[in-house]
$ cat work-v3.txt   # compact mmCIF, C-alpha atoms
# COMPACT_ATOMS: atom_id res chain seq x y z
CA GLY A 1 -69.76 66.11 62.62
CA ALA A 2 -67.65 63.11 61.75
CA GLY A 3 -68.70 62.99 58.14
CA VAL A 4 -70.90 64.51 55.49
CA SER A 5 -74.56 64.16 56.32
CA GLN A 6 -77.55 64.53 54.04
CA SER A 7 -81.23 64.82 54.71
CA PRO A 8 -83.69 63.48 54.08
CA ARG A 9 -82.26 60.11 53.20
CA TYR A 10 -85.36 59.27 51.16
CA LYS A 11 -87.83 61.56 49.49
CA VAL A 12 -90.90 60.70 47.48
CA ALA A 13 -92.45 63.50 45.49
CA LYS A 14 -95.37 63.74 43.14
CA ARG A 15 -94.54 65.05 39.71
CA GLY A 16 -94.67 68.82 39.74
CA GLN A 17 -93.78 69.21 43.41
CA ASP A 18 -90.78 71.19 44.61
CA VAL A 19 -88.18 69.46 46.77
CA ALA A 20 -85.23 70.63 48.85
CA LEU A 21 -82.31 68.41 49.71
CA ARG A 22 -79.88 69.35 52.45
CA CYS A 23 -76.17 68.71 52.81
CA ASP A 24 -74.10 69.26 55.94
CA PRO A 25 -70.44 69.08 54.96
CA ILE A 26 -67.59 68.22 57.24
CA SER A 27 -66.92 71.18 59.49
CA GLY A 28 -64.36 73.52 57.99
CA HIS A 29 -64.49 72.08 54.52
CA VAL A 30 -64.30 74.84 51.98
CA SER A 31 -65.41 73.02 48.85
CA LEU A 32 -68.78 71.38 48.35
CA PHE A 33 -69.99 69.35 45.39
CA TRP A 34 -73.35 67.98 44.35
CA TYR A 35 -73.63 64.90 42.14
CA GLN A 36 -76.61 63.09 40.66
CA GLN A 37 -76.54 59.30 40.45
CA ALA A 38 -79.24 57.74 38.31
CA LEU A 39 -80.08 54.07 38.75
CA GLY A 40 -77.31 51.88 37.40
CA GLN A 41 -75.08 54.82 36.60
CA GLY A 42 -72.10 56.52 38.13
CA PRO A 43 -72.44 59.88 39.84
CA GLU A 44 -72.53 62.90 37.54
CA PHE A 45 -71.36 66.33 38.59
CA LEU A 46 -74.01 68.97 39.12
CA THR A 47 -72.44 71.96 40.82
CA TYR A 48 -69.57 73.19 42.98
CA PHE A 49 -69.19 75.75 45.77
CA GLN A 50 -66.13 77.27 47.28
CA ASN A 51 -67.33 78.70 50.56
CA GLU A 52 -70.55 80.51 49.67
CA ALA A 53 -69.64 81.13 46.05
CA GLN A 54 -71.10 78.85 43.42
CA LEU A 55 -68.17 78.62 41.03
CA ASP A 56 -69.45 75.98 38.65
CA LYS A 57 -73.00 74.99 37.86
CA SER A 58 -72.35 73.55 34.46
CA GLY A 59 -73.78 70.15 35.39
CA LEU A 60 -77.21 71.31 36.46
CA PRO A 61 -79.57 69.65 33.95
CA SER A 62 -82.13 72.42 33.74
CA ASP A 63 -83.16 75.71 35.24
CA ARG A 64 -85.46 73.77 37.56
CA PHE A 65 -82.35 72.87 39.57
CA PHE A 66 -80.99 75.43 41.97
CA ALA A 67 -78.33 75.14 44.67
CA GLU A 68 -77.24 77.50 47.39
CA ARG A 69 -74.78 77.68 50.25
CA PRO A 70 -75.47 81.08 51.79
CA GLU A 71 -73.12 80.90 54.77
CA GLY A 72 -70.47 78.70 53.30
CA SER A 73 -71.39 75.62 55.26
CA VAL A 74 -74.78 73.90 54.80
CA SER A 75 -75.97 73.60 51.22
CA THR A 76 -79.41 73.03 49.77
CA LEU A 77 -80.21 71.60 46.37
CA LYS A 78 -83.67 72.58 45.24
CA ILE A 79 -85.57 71.03 42.39
CA GLN A 80 -88.67 72.80 41.18
CA ARG A 81 -91.57 71.13 39.40
CA THR A 82 -90.02 67.70 39.72
CA GLN A 83 -90.19 65.31 36.78
CA GLN A 84 -89.84 61.55 36.71
CA GLU A 85 -86.42 61.83 35.13
CA ASP A 86 -85.24 63.62 38.27
CA SER A 87 -85.52 60.35 40.19
CA ALA A 88 -81.99 59.56 41.34
CA VAL A 89 -79.69 59.56 44.33
CA TYR A 90 -78.27 62.99 45.01
CA LEU A 91 -74.82 62.90 46.54
CA CYS A 92 -73.03 65.66 48.32
CA ALA A 93 -69.27 65.76 48.83
CA SER A 94 -66.98 68.16 50.61
CA SER A 95 -63.25 68.72 50.60
CA HIS A 96 -60.68 70.82 52.37
CA PRO A 97 -57.75 72.37 50.54
CA GLU A 98 -55.24 71.14 53.09
CA ILE A 99 -56.44 67.54 53.24
CA THR A 100 -54.52 66.28 50.32
CA SER A 101 -51.32 64.46 49.61
CA GLY A 102 -51.05 65.77 46.10
CA PRO A 103 -52.59 68.17 43.61
CA TYR A 104 -56.11 66.98 44.20
CA ASN A 105 -58.22 67.49 47.29
CA GLU A 106 -59.94 64.32 48.46
CA GLN A 107 -63.71 64.52 48.33
CA PHE A 108 -65.65 62.98 51.19
CA PHE A 109 -69.12 61.82 50.24
CA GLY A 110 -72.34 61.74 52.16
CA PRO A 111 -74.79 58.79 52.02
CA GLY A 112 -77.01 60.54 49.52
CA THR A 113 -80.69 61.35 49.25
CA ARG A 114 -82.74 58.99 47.16
CA LEU A 115 -85.42 60.97 45.33
CA THR A 116 -88.32 59.16 43.75
CA VAL A 117 -90.72 61.17 41.63
CA LEU A 118 -94.06 59.49 40.97
CA ALA B 1 -63.17 65.82 27.63
CA GLN B 2 -62.62 63.37 30.41
CA SER B 3 -64.46 60.07 30.43
CA VAL B 4 -64.20 56.74 32.16
CA THR B 5 -65.24 53.31 30.95
CA GLN B 6 -65.82 50.34 33.18
CA PRO B 7 -66.55 47.50 30.78
CA ASP B 8 -67.77 45.00 33.37
CA ILE B 9 -71.20 45.76 34.78
CA HIS B 10 -71.23 42.81 37.17
CA ILE B 11 -68.52 40.42 38.35
CA THR B 12 -68.91 37.38 40.57
CA VAL B 13 -65.95 35.85 42.36
CA SER B 14 -65.52 33.22 45.01
CA GLU B 15 -64.31 34.25 48.41
CA GLY B 16 -60.53 33.93 48.53
CA ALA B 17 -60.14 34.29 44.79
CA SER B 18 -58.27 37.14 43.18
CA LEU B 19 -60.05 40.12 41.68
CA GLU B 20 -59.39 42.55 38.88
CA LEU B 21 -61.80 45.33 37.94
CA ARG B 22 -61.12 47.11 34.69
CA CYS B 23 -61.09 50.84 34.10
CA ASN B 24 -60.18 52.77 30.98
CA TYR B 25 -60.04 56.53 30.85
CA SER B 26 -59.94 59.21 28.23
CA TYR B 27 -58.04 62.32 29.11
CA GLY B 28 -55.64 64.58 27.27
CA ALA B 29 -53.09 65.17 29.98
CA THR B 30 -51.81 63.26 32.98
CA PRO B 31 -54.95 62.11 34.71
CA TYR B 32 -55.82 62.11 38.36
CA LEU B 33 -57.36 58.67 38.88
CA PHE B 34 -59.42 57.26 41.70
CA TRP B 35 -61.24 54.14 42.77
CA TYR B 36 -64.24 54.44 45.07
CA VAL B 37 -66.38 51.76 46.70
CA GLN B 38 -70.07 52.18 47.44
CA SER B 39 -71.90 49.81 49.76
CA PRO B 40 -75.70 49.83 49.90
CA GLY B 41 -76.94 52.87 51.76
CA GLN B 42 -73.43 54.18 52.22
CA GLY B 43 -71.55 57.05 50.71
CA LEU B 44 -68.68 56.60 48.32
CA GLN B 45 -65.45 55.69 50.07
CA LEU B 46 -62.08 56.36 48.51
CA LEU B 47 -60.01 53.20 48.06
CA LEU B 48 -56.96 54.68 46.38
CA LYS B 49 -55.75 57.39 44.07
CA TYR B 50 -53.04 58.04 41.49
CA PHE B 51 -51.57 61.44 40.77
CA SER B 52 -48.05 60.74 39.54
CA GLY B 53 -44.93 58.71 40.28
CA ASP B 54 -45.02 55.00 41.02
CA THR B 55 -47.63 53.47 38.75
CA LEU B 56 -48.62 50.80 41.28
CA VAL B 57 -50.59 52.36 44.09
CA GLN B 58 -51.71 50.77 47.30
CA GLY B 59 -55.01 51.54 48.92
CA ILE B 60 -57.12 50.59 51.85
CA LYS B 61 -58.63 47.17 52.49
CA GLY B 62 -55.84 45.39 50.62
CA PHE B 63 -56.63 46.90 47.23
CA GLU B 64 -54.07 48.09 44.70
CA ALA B 65 -54.27 49.59 41.23
CA GLU B 66 -51.84 49.95 38.38
CA PHE B 67 -51.72 52.94 36.06
CA LYS B 68 -50.78 52.02 32.50
CA ARG B 69 -50.51 55.10 30.32
CA SER B 70 -50.00 53.06 27.12
CA GLN B 71 -53.32 51.30 27.67
CA SER B 72 -55.14 54.25 29.27
CA SER B 73 -56.05 51.90 32.08
CA PHE B 74 -56.21 51.96 35.84
CA ASN B 75 -57.31 48.48 36.88
CA LEU B 76 -58.12 47.64 40.47
CA ARG B 77 -56.85 44.41 41.98
CA LYS B 78 -57.05 42.42 45.15
CA PRO B 79 -55.25 39.11 45.67
CA SER B 80 -57.86 37.52 47.91
CA VAL B 81 -61.44 38.72 48.07
CA HIS B 82 -63.45 38.72 51.29
CA TRP B 83 -67.22 38.47 51.50
CA SER B 84 -67.29 42.02 52.87
CA ASP B 85 -65.85 43.31 49.58
CA ALA B 86 -69.21 42.83 47.87
CA ALA B 87 -70.21 46.31 46.76
CA GLU B 88 -70.27 48.66 43.78
CA TYR B 89 -66.91 49.94 42.59
CA PHE B 90 -66.43 53.16 40.68
CA CYS B 91 -63.42 54.37 38.79
CA ALA B 92 -63.14 58.14 38.41
CA VAL B 93 -60.92 60.71 36.79
CA GLY B 94 -60.48 64.16 38.24
CA ALA B 95 -60.83 67.36 36.29
CA SER B 96 -57.57 69.24 36.38
CA THR B 97 -59.17 72.63 35.97
CA GLY B 98 -62.19 74.45 37.19
CA ALA B 99 -64.12 72.76 39.92
CA ASN B 100 -61.85 69.73 40.21
CA ASN B 101 -64.96 67.63 40.03
CA LEU B 102 -64.84 63.91 39.40
CA PHE B 103 -65.97 62.05 36.29
CA PHE B 104 -67.16 58.58 37.19
CA GLY B 105 -67.55 55.38 35.26
CA THR B 106 -70.82 53.49 35.38
CA GLY B 107 -69.54 51.14 38.06
CA THR B 108 -68.93 47.43 38.48
CA ARG B 109 -71.03 45.47 40.92
CA LEU B 110 -69.05 42.81 42.74
CA THR B 111 -70.75 39.72 44.12
CA VAL B 112 -68.75 37.40 46.35
CA ILE B 113 -69.89 33.81 46.71
CA PRO B 114 -68.80 31.53 49.54

$ encode --input "work-v3.txt" --output "structure tokens"
Amino acid sequence: GAGVSQSPRYKVAKRGQDVALRCDPISGHVSLFWYQQALGQGPEFLTYFQNEAQLDKSGLPSDRFFAERPEGSVSTLKIQRTQQEDSAVYLCASSHPEITSGPYNEQFFGPGTRLTVL
Amino acid sequence: AQSVTQPDIHITVSEGASLELRCNYSYGATPYLFWYVQSPGQGLQLLLKYFSGDTLVQGIKGFEAEFKRSQSSFNLRKPSVHWSDAAEYFCAVGASTGANNLFFGTGTRLTVIP
């Protein structure tokens, strides 16, 4: 597709429910990032994939958060037993190692999924 | 550790007026610096970036930013603001190792009045 897409755009969950958030990166992009953006805050890094390998998950706030990218394209962020503090916008970004004009690969962001936990 | 401070939570300017959004960073080495804009319901869009070289960088939509190492700042400027510039602006610094993830500031919300 033309850009990074995420689904659903909005998700309301009752506390304790499991949710799954999907990210479709730009075709051919090797790197994929997940960020969490709480209300009134900037995005915070959650995890990073290079192809299907999850190389960094240092930002995941608890073991209730799990991400996967089994075929190196689509990624799913799963949150188990959701809590109210999980309410946030979850952003996905992808990048390609050759789309850069310097030492840093530009990240292209999706519109995000707004998760509200009641 | 990297961190970014955006001291202004909300700024209001008149259309046609100049704009400066402040950003201060904390980073041990030469930072990779970015400005992103986020409109309601939209993803983050890259305005400009600084890696090295000329400390005044030009971006899209008429924006520019100046890197000042002595002040650890990377302020965003625009000489004449348009109503369509109303949005949330985020300064970010890139990790130079590991995942190359971005560390964002808390953002500055820009309101443009006619």

$ atom_distance --input "work-v3.txt" --atom1 "atom CA of Asn101 of chain B" --atom2 "atom CA of Gln58 of chain B"
22.6 Å

$ interface_residues --input "work-v3.txt" --of "chain A" --to "chain B" --cutoff "9 Å" --atoms "all atoms listed in the file" --output "JSON, numbers by chain"
{"A": [4, 33, 40, 41, 42, 43, 44, 45, 47, 48, 49, 50, 55, 56, 91, 102, 103, 104, 105, 106, 107, 108, 109, 110, 111, 112]}

$ atom_distance --input "work-v3.txt" --atom1 "atom CA of Leu76 of chain B" --atom2 "atom CA of Leu39 of chain A"
22.9 Å

$ residues_around --input "work-v3.txt" --residues "Pro25 of chain A" --least-positions-apart "5" --cutoff "9 Å" --atoms "all atoms listed in the file" --output "VMD selection string"
chain A and resid 1 3 to 6 30 to 32 73 to 75 92 to 95 108 to 110

$ closest_residue --input "work-v3.txt" --among "B:Lys61, B:His82, B:Arg69, B:Arg77" --to "Ser26 of chain B" --atoms "all atoms listed in the file"
B:Arg69

$ closest_residue --input "work-v3.txt" --among "A:Val89, A:Ala20, A:Gly28, A:Gln37" --to "Phe65 of chain A" --atoms "only C-alpha atoms"
A:Ala20

$ closest_residue --input "work-v3.txt" --among "A:Glu52, A:His96, A:Thr82, A:Leu60" --to "Ala13 of chain A" --atoms "all atoms listed in the file"
A:Thr82

$ residues_near_point --input "work-v3.txt" --point "(-90.8, 66.8, 34.7)" --cutoff "12 Å" --atoms "all atoms listed in the file" --output "PyMOL selection string"
chain A and resi 13-18+61-65+79-87+117-118

$ residues_near_point --input "work-v3.txt" --point "(-80.9, 70.7, 50.8)" --cutoff "6 Å" --atoms "only C-alpha atoms" --output "list in words"
Ala20, Leu21, Arg22, Cys23, Ser75, Thr76 and Leu77 of chain A

$ write_last_selection --input "work-v3.txt" --atoms "C-alpha atoms" --output "short mmCIF file (atom, residue, chain, number, x, y, z; two decimals), in the frame of the given file"
data_model
loop_
_atom_site.label_atom_id
_atom_site.label_comp_id
_atom_site.auth_asym_id
_atom_site.auth_seq_id
_atom_site.Cartn_x
_atom_site.Cartn_y
_atom_site.Cartn_z
CA ALA A 20 -85.23 70.63 48.85
CA LEU A 21 -82.31 68.41 49.71
CA ARG A 22 -79.88 69.35 52.45
CA CYS A 23 -76.17 68.71 52.81
CA SER A 75 -75.97 73.60 51.22
CA THR A 76 -79.41 73.03 49.77
CA LEU A 77 -80.21 71.60 46.37
#

$ atom_distance --input "work-v3.txt" --atom1 "atom CA of His29 of chain A" --atom2 "atom CA of Tyr27 of chain B"
28.0 Å
